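Text of the file coords_17.pdb, holding PDB, C-alpha atoms:
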ATOM      1  CA  LEU T 268     104.189 152.910 232.607
ATOM      2  CA  TYR T 269     106.164 149.762 233.306
ATOM      3  CA  GLU T 270     104.119 146.621 232.603
ATOM      4  CA  ILE T 271     104.587 143.594 234.847
ATOM      5  CA  MET T 272     103.270 140.311 233.416
ATOM      6  CA  TYR T 273     103.320 137.018 235.272
ATOM      7  CA  PHE T 274     102.147 133.703 233.817
ATOM      8  CA  PRO T 275     101.286 131.084 236.484
ATOM      9  CA  PHE T 276      99.745 128.695 233.935
ATOM     10  CA  GLY T 277     100.168 127.841 230.259
ATOM     11  CA  LYS T 278     102.523 129.186 227.612
ATOM     12  CA  ARG T 279     102.543 132.369 225.550
ATOM     13  CA  ARG T 280     104.678 133.699 222.748
ATOM     14  CA  MET T 281     105.797 137.283 223.157
ATOM     15  CA  ILE T 282     106.997 139.604 220.418
ATOM     16  CA  LEU T 283     109.230 142.109 222.198
ATOM     17  CA  ALA T 284     111.004 144.816 220.194
ATOM     18  CA  GLU T 285     110.705 142.590 217.101
ATOM     19  CA  ASN T 286     112.237 139.519 218.809
ATOM     20  CA  GLU T 287     110.157 136.495 219.858
ATOM     21  CA  TYR T 288     110.352 134.745 223.244
ATOM     22  CA  LEU T 289     108.473 131.881 224.874
ATOM     23  CA  LEU T 290     106.902 132.586 228.273
ATOM     24  CA  GLU T 291     106.113 129.458 230.287
ATOM     25  CA  ALA T 292     104.362 128.790 233.600
ATOM     26  CA  GLY T 293     106.238 130.633 236.348
ATOM     27  CA  ASP T 294     107.761 133.234 234.011
ATOM     28  CA  ALA T 295     107.519 136.969 234.621
ATOM     29  CA  ILE T 296     108.627 139.947 232.591
ATOM     30  CA  ILE T 297     108.810 143.659 233.379
ATOM     31  CA  ILE T 298     108.548 145.771 230.234
ATOM     32  CA  GLU T 299     109.915 149.293 230.007
ATOM     33  CA  PRO T 300     107.646 152.168 228.894
ATOM     34  CA  TYR T 301     107.186 152.542 225.114
ATOM     35  CA  ILE T 302     108.695 149.154 224.220
ATOM     36  CA  LYS T 303     106.522 147.621 221.492
ATOM     37  CA  HIS T 304     105.260 144.169 222.512
ATOM     38  CA  GLN T 305     102.534 141.652 221.777
ATOM     39  CA  THR T 306     101.537 138.292 223.278
ATOM     40  CA  LEU T 307     100.312 135.472 221.031
ATOM     41  CA  ASP T 308      98.975 131.925 221.391
ATOM     42  CA  TYR T 309     101.526 129.144 221.719
ATOM     43  CA  GLU T 310     100.956 126.716 218.838
ATOM     44  CA  ASP T 311      97.502 125.131 219.146
ATOM     45  CA  ASN T 312      97.243 125.562 222.937
ATOM     46  CA  PRO T 313      95.729 128.973 223.751
ATOM     47  CA  SER T 314      94.981 128.187 227.424
ATOM     48  CA  TYR T 315      96.887 130.347 229.893
ATOM     49  CA  SER T 316      96.433 132.623 232.905
ATOM     50  CA  ARG T 317      98.147 135.930 233.535
ATOM     51  CA  TRP T 318      98.591 138.563 236.209
ATOM     52  CA  PHE T 319      99.108 142.072 234.883
ATOM     53  CA  LEU T 320     100.172 145.226 236.713
ATOM     54  CA  ALA T 321     100.986 148.689 235.301
ATOM     55  CA  VAL T 322     103.478 150.640 237.414
ATOM     56  CA  ASN T 323     104.305 154.349 237.220
ATOM     57  CA  PRO T 324     108.113 154.844 237.063
ATOM     58  CA  GLU T 325     107.743 157.649 239.621
ATOM     59  CA  LEU T 326     107.036 154.935 242.176
ATOM     60  CA  PHE T 327     110.757 154.123 242.208
ATOM     61  CA  LEU T 328     111.859 157.693 242.978
ATOM     62  CA  GLY T 329     112.924 158.106 246.587
ATOM     63  CA  ILE T 330     112.838 154.336 247.107
ATOM     64  CA  TYR T 331     115.949 153.302 245.189
ATOM     65  CA  SER T 332     119.294 155.066 244.888
ATOM     66  CA  GLN T 333     120.553 156.101 241.432
ATOM     67  CA  GLN T 334     122.885 153.095 241.422
ATOM     68  CA  GLU T 335     120.017 150.763 242.334
ATOM     69  CA  LEU T 336     117.824 152.348 239.658
ATOM     70  CA  ARG T 337     120.498 151.688 237.021
ATOM     71  CA  ARG T 338     120.758 148.066 238.175
ATOM     72  CA  LEU T 339     116.968 147.755 238.194
ATOM     73  CA  LYS T 340     116.677 149.138 234.675
ATOM     74  CA  ASN T 341     119.382 146.769 233.439
ATOM     75  CA  ILE T 342     117.576 143.762 234.914
ATOM     76  CA  ILE T 343     114.215 144.890 233.541
ATOM     77  CA  SER T 344     115.538 145.402 230.035
ATOM     78  CA  THR T 345     117.563 142.201 229.709
ATOM     79  CA  GLN T 346     115.835 139.329 231.531
ATOM     80  CA  ILE T 347     112.749 137.156 231.790
ATOM     81  CA  LEU T 348     112.425 136.010 235.412
ATOM     82  CA  HIS T 349     111.285 132.492 236.354
ATOM     83  CA  PHE T 350     109.789 131.413 239.710
ATOM     84  CA  GLU T 351     109.320 127.852 240.927
ATOM     85  CA  ASP T 352     107.128 129.021 243.821
ATOM     86  CA  ILE T 353     104.168 130.009 241.655
ATOM     87  CA  ASP T 354     101.733 130.201 244.600
ATOM     88  CA  GLU T 355     103.862 132.786 246.431
ATOM     89  CA  VAL T 356     104.031 135.130 243.443
ATOM     90  CA  CYS T 357     100.271 134.754 242.869
ATOM     91  CA  ARG T 358      99.624 135.506 246.543
ATOM     92  CA  ARG T 359     101.496 138.809 246.246
ATOM     93  CA  PHE T 360      99.552 139.797 243.138
ATOM     94  CA  GLU T 361      96.292 138.859 244.874
ATOM     95  CA  GLU T 362      97.158 141.150 247.808
ATOM     96  CA  ILE T 363      97.620 144.064 245.417
ATOM     97  CA  ASN T 364      94.381 143.191 243.636
ATOM     98  CA  GLU T 365      92.489 143.149 246.935
ATOM     99  CA  SER T 366      93.958 146.568 247.794
ATOM    100  CA  PHE T 367      92.461 148.019 244.602
ATOM    101  CA  LEU T 368      89.049 147.042 245.971
ATOM    102  CA  SER T 369      89.642 148.988 249.200
ATOM    103  CA  SER T 370      88.280 152.441 249.936
ATOM    104  CA  ALA T 371      89.933 155.372 248.146
ATOM    105  CA  SER T 372      91.688 156.485 251.327
ATOM    106  CA  LEU T 373      93.325 153.076 251.803
ATOM    107  CA  LYS T 374      93.935 152.106 248.178
ATOM    108  CA  LYS T 375      97.127 154.099 247.562
ATOM    109  CA  ARG T 376      98.470 153.521 251.071
ATOM    110  CA  LEU T 377      98.155 149.766 250.528
ATOM    111  CA  THR T 378      98.977 149.275 246.845
ATOM    112  CA  VAL T 379     102.161 151.391 246.701
ATOM    113  CA  PRO T 380     104.126 149.504 249.408
ATOM    114  CA  GLN T 381     102.776 146.151 248.211
ATOM    115  CA  THR T 382     103.840 146.903 244.642
ATOM    116  CA  ILE T 383     107.325 147.894 245.804
ATOM    117  CA  LEU T 384     107.577 144.676 247.822
ATOM    118  CA  LEU T 385     106.398 142.637 244.830
ATOM    119  CA  ILE T 386     109.036 144.121 242.522
ATOM    120  CA  ASP T 387     111.744 143.719 245.167
ATOM    121  CA  TYR T 388     110.717 140.078 245.682
ATOM    122  CA  MET T 389     110.716 139.385 241.943
ATOM    123  CA  LEU T 390     114.204 140.812 241.536
ATOM    124  CA  ARG T 391     115.611 138.894 244.523
ATOM    125  CA  ALA T 392     113.781 135.572 244.444
ATOM    126  CA  ALA T 393     113.881 134.538 240.782
ATOM    127  CA  ASP T 394     115.066 130.927 240.475
ATOM    128  CA  ASN T 395     116.273 131.366 236.937
ATOM    129  CA  ILE T 396     116.647 134.042 234.286
ATOM    130  CA  LYS T 397     116.407 134.002 230.513
ATOM    131  CA  PRO T 398     118.347 136.699 228.712
ATOM    132  CA  ILE T 399     116.431 138.872 226.268
ATOM    133  CA  LYS T 400     117.750 141.309 223.741
ATOM    134  CA  ILE T 401     116.391 144.833 223.424
ATOM    135  CA  ASP T 402     117.639 146.895 220.512
ATOM    136  CA  ARG T 403     117.908 150.352 222.073
ATOM    137  CA  GLU T 404     117.086 151.785 218.655
ATOM    138  CA  GLN T 405     113.589 150.398 219.172
ATOM    139  CA  ILE T 406     113.044 152.614 222.218
ATOM    140  CA  PRO T 407     111.560 155.994 221.269
ATOM    141  CA  SER T 408     113.786 159.008 221.837
ATOM    142  CA  LYS T 409     112.741 161.816 224.155
ATOM    143  CA  GLU T 410     111.650 163.740 221.053
ATOM    144  CA  ILE T 411     109.155 161.028 220.085
ATOM    145  CA  ILE T 412     107.929 160.650 223.670
ATOM    146  CA  ASP T 413     107.298 164.423 223.645
ATOM    147  CA  VAL T 414     105.301 163.994 220.418
ATOM    148  CA  LEU T 415     103.229 161.154 221.925
ATOM    149  CA  GLN T 416     102.524 163.184 225.055
ATOM    150  CA  TYR T 417     101.580 166.237 222.984
ATOM    151  CA  ILE T 418      99.141 164.196 220.881
ATOM    152  CA  GLU T 419      97.670 162.665 224.053
ATOM    153  CA  GLY T 420      96.872 166.144 225.349
ATOM    154  CA  HIS T 421      95.748 167.752 222.062
ATOM    155  CA  TYR T 422      94.198 165.118 219.780
ATOM    156  CA  THR T 423      90.780 166.692 220.357
ATOM    157  CA  GLU T 424      92.120 169.751 218.532
ATOM    158  CA  GLU T 425      93.345 170.184 214.982
ATOM    159  CA  ILE T 426      96.904 168.847 214.842
ATOM    160  CA  THR T 427      98.985 169.575 211.770
ATOM    161  CA  HIS T 428     102.554 168.529 211.119
ATOM    162  CA  ASP T 429     103.541 172.187 210.975
ATOM    163  CA  ARG T 430     102.011 172.790 214.387
ATOM    164  CA  LEU T 431     103.781 169.792 215.927
ATOM    165  CA  CYS T 432     107.133 170.802 214.477
ATOM    166  CA  SER T 433     106.665 174.351 215.734
ATOM    167  CA  GLU T 434     105.542 173.307 219.238
ATOM    168  CA  LEU T 435     108.322 170.740 219.659
ATOM    169  CA  HIS T 436     111.082 172.513 217.697
ATOM    170  CA  MET T 437     111.614 169.610 215.317
ATOM    171  CA  SER T 438     112.082 169.433 211.563
ATOM    172  CA  LYS T 439     109.466 167.626 209.449
ATOM    173  CA  SER T 440     111.966 165.101 208.122
ATOM    174  CA  THR T 441     113.052 164.187 211.671
ATOM    175  CA  LEU T 442     109.439 163.958 212.836
ATOM    176  CA  TYR T 443     108.316 161.697 209.954
ATOM    177  CA  ARG T 444     111.340 159.391 210.080
ATOM    178  CA  LYS T 445     111.658 158.931 213.838
ATOM    179  CA  PHE T 446     107.934 158.690 214.559
ATOM    180  CA  THR T 447     107.194 155.991 211.992
ATOM    181  CA  ARG T 448     110.292 153.973 212.977
ATOM    182  CA  SER T 449     109.566 154.142 216.718
ATOM    183  CA  VAL T 450     105.775 153.832 216.818
ATOM    184  CA  GLY T 451     105.232 151.631 213.770
ATOM    185  CA  LEU T 452     102.577 153.937 212.297
ATOM    186  CA  PRO T 453     102.828 157.159 210.300
ATOM    187  CA  LEU T 454     101.957 160.218 212.379
ATOM    188  CA  LYS T 455      98.673 160.937 210.589
ATOM    189  CA  GLN T 456      97.501 157.336 210.972
ATOM    190  CA  TYR T 457      98.387 157.337 214.675
ATOM    191  CA  ILE T 458      96.275 160.466 215.301
ATOM    192  CA  ILE T 459      93.366 158.861 213.398
ATOM    193  CA  HIS T 460      93.808 155.754 215.571
ATOM    194  CA  LYS T 461      93.590 157.830 218.775
ATOM    195  CA  ARG T 462      90.461 159.631 217.556
ATOM    196  CA  ALA T 463      88.778 156.399 216.464
ATOM    197  CA  ILE T 464      89.318 154.863 219.910
ATOM    198  CA  MET T 465      87.914 157.950 221.651
ATOM    199  CA  ALA T 466      84.928 158.110 219.281
ATOM    200  CA  SER T 467      84.062 154.432 219.771
ATOM    201  CA  LYS T 468      84.312 154.882 223.546
ATOM    202  CA  LEU T 469      81.990 157.904 223.505
ATOM    203  CA  LEU T 470      79.508 156.130 221.220
ATOM    204  CA  VAL T 471      79.211 153.333 223.782
ATOM    205  CA  GLU T 472      79.406 155.317 227.030
ATOM    206  CA  LYS T 473      77.676 158.599 226.070
ATOM    207  CA  ARG T 474      74.547 157.522 224.238
ATOM    208  CA  ASP T 475      72.969 160.922 224.851
ATOM    209  CA  MET T 476      75.638 162.645 222.734
ATOM    210  CA  SER T 477      74.910 163.334 219.070
ATOM    211  CA  ILE T 478      77.320 162.412 216.271
ATOM    212  CA  SER T 479      78.234 166.077 215.829
ATOM    213  CA  GLU T 480      78.971 166.426 219.554
ATOM    214  CA  ILE T 481      81.165 163.305 219.528
ATOM    215  CA  ALA T 482      82.934 164.556 216.395
ATOM    216  CA  SER T 483      83.608 167.899 218.082
ATOM    217  CA  ALA T 484      84.946 166.139 221.199
ATOM    218  CA  CYS T 485      87.360 164.212 218.956
ATOM    219  CA  GLY T 486      88.513 167.288 217.054
ATOM    220  CA  VAL T 487      86.969 166.426 213.668
ATOM    221  CA  THR T 488      83.846 167.097 211.597
ATOM    222  CA  SER T 489      80.879 164.688 211.580
ATOM    223  CA  LEU T 490      81.749 163.576 208.042
ATOM    224  CA  ALA T 491      85.383 163.007 208.973
ATOM    225  CA  LEU T 492      84.343 161.057 212.081
ATOM    226  CA  THR T 493      82.156 158.717 210.020
ATOM    227  CA  ARG T 494      85.028 158.126 207.602
ATOM    228  CA  ILE T 495      87.536 157.534 210.426
ATOM    229  CA  ILE T 496      85.346 154.940 212.159
ATOM    230  CA  LYS T 497      84.613 153.178 208.866
ATOM    231  CA  GLU T 498      88.314 153.035 207.937
ATOM    232  CA  HIS T 499      89.341 151.922 211.427
ATOM    233  CA  TYR T 500      86.647 149.359 212.209
ATOM    234  CA  GLY T 501      85.272 148.569 208.743
ATOM    235  CA  LYS T 502      81.757 149.761 209.600
ATOM    236  CA  THR T 503      79.814 152.807 210.843
TER
END
Encoding of this model in structure tokens:
Amino acid sequence: LYEIMYFPFGKRRMILAENEYLLEAGDAIIIEPYIKHQTLDYEDNPSYSRWFLAVNPELFLGIYSQQELRRLKNIISTQILHFEDIDEVCRRFEEINESFLSSASLKKRLTVPQTILLIDYMLRAADNIKPIKIDREQIPSKEIIDVLQYIEGHYTEEITHDRLCSELHMSKSTLYRKFTRSVGLPLKQYIIHKRAIMASKLLVEKRDMSISEIASACGVTSLALTRIIKEHYGKT
């Protein structure tokens, strides 16, 4: 998913593909899928407000030509957009937010065109731009995206490195090297991370499930689940 962030108030530091940028009031950024990023407090002033919207790339298909898509991707990957008319940008985000509260039959019919109009407005109406630098080496290759998608669909099962390499036709050395470099975690640790998040979610939301049932749903034994949660969160 593309992530659209808009900051109508305050300042934030953003770590984007290992480079740091300052986002000020009126700044917006559209982040490509799988780009590693993190927002942090600005000095001793943590006060800020933010609009956030996740957008499926498929939304652009059939709306923009291939040439327009290339231009769009270039803008997204190289610029922070700034808007003097903060109220207008907020109004457009508020319209999308209100659409999410509509009935299911209206939600998609309202949010899709409004999201397209928001993105189009942001690309046309920016008063200023700040160049950013994305090292394309930081963007995961299709091979790594395939690995991430495979884990997303199978982490409740036993996943071994041999199985991944066999399913995705990839050597172990390529898998280890590219995965750790792109994701920032070794493969085994990433799978543990996914299982710990699912386990903690089930523990909170499914209080009628036993530990063994939760462990089974996460693809591990009860003993392994206890160890994973303790290692991940520091307690059981």
Open item on the list: I'd like the residues picked by the PyMOL selection byres ((chain T and resi 489-495) around 12) written out as a PyMOL selection string, using the chain letters and numbers from the file.
Closed with: chain T and resi 423+455-467+470+477-488+496-503
Task: Point-to-point distance from atom CA of T:Tyr309 to atom CA of T:Arg359, Å rounded to tenths - done: 26.4 Å
- [ ] Would you mind reading off the distance between atom CA of T:Phe350 and atom CA of T:Arg317, one decimal, in Å?
- [x] 13.9 Å
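Look at T:Gly293: the protein and nucleic acid residues within 6 Å of it, using only C-alpha atoms and passing over chain neighbours fewer than 6 places away, are T:Phe274, T:Pro275, T:His349, T:Phe350, T:Ile353.
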- [ ] Select, from T:Leu454, T:Leu385, T:Ile347, T:Ala321, the residue with the minimum atom-to-atom distance to T:Glu291, counting all atoms listed in the file.
- [x]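 Checking each of T:Leu454, T:Leu385, T:Ile347, T:Ala321 against T:Glu291, counting all atoms listed in the file, the winner is T:Ile347.
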- [ ] Have a look at atom CA of T:Tyr288 and atom CA of T:Ser316 and let me know their distance in Å, one decimal.
- [x]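 Between these atoms lies a distance of 17.1 Å.
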Task: Among the residues T:Ser366, T:Ser314, T:Asn395, T:Asn323, the one that comes closest to T:Ala295 [using all atoms listed in the file] - done: T:Asn395
Open item on the list: Would you pick out the contacts of T:Glu410 at 9 Å or less, using all atoms listed in the file, so that residues sharing its chain but fewer than 2 positions from it are not included, and give the list as a PyMOL selection string?
Closed with: chain T and resi 407-408+412-415+435+437+442+445
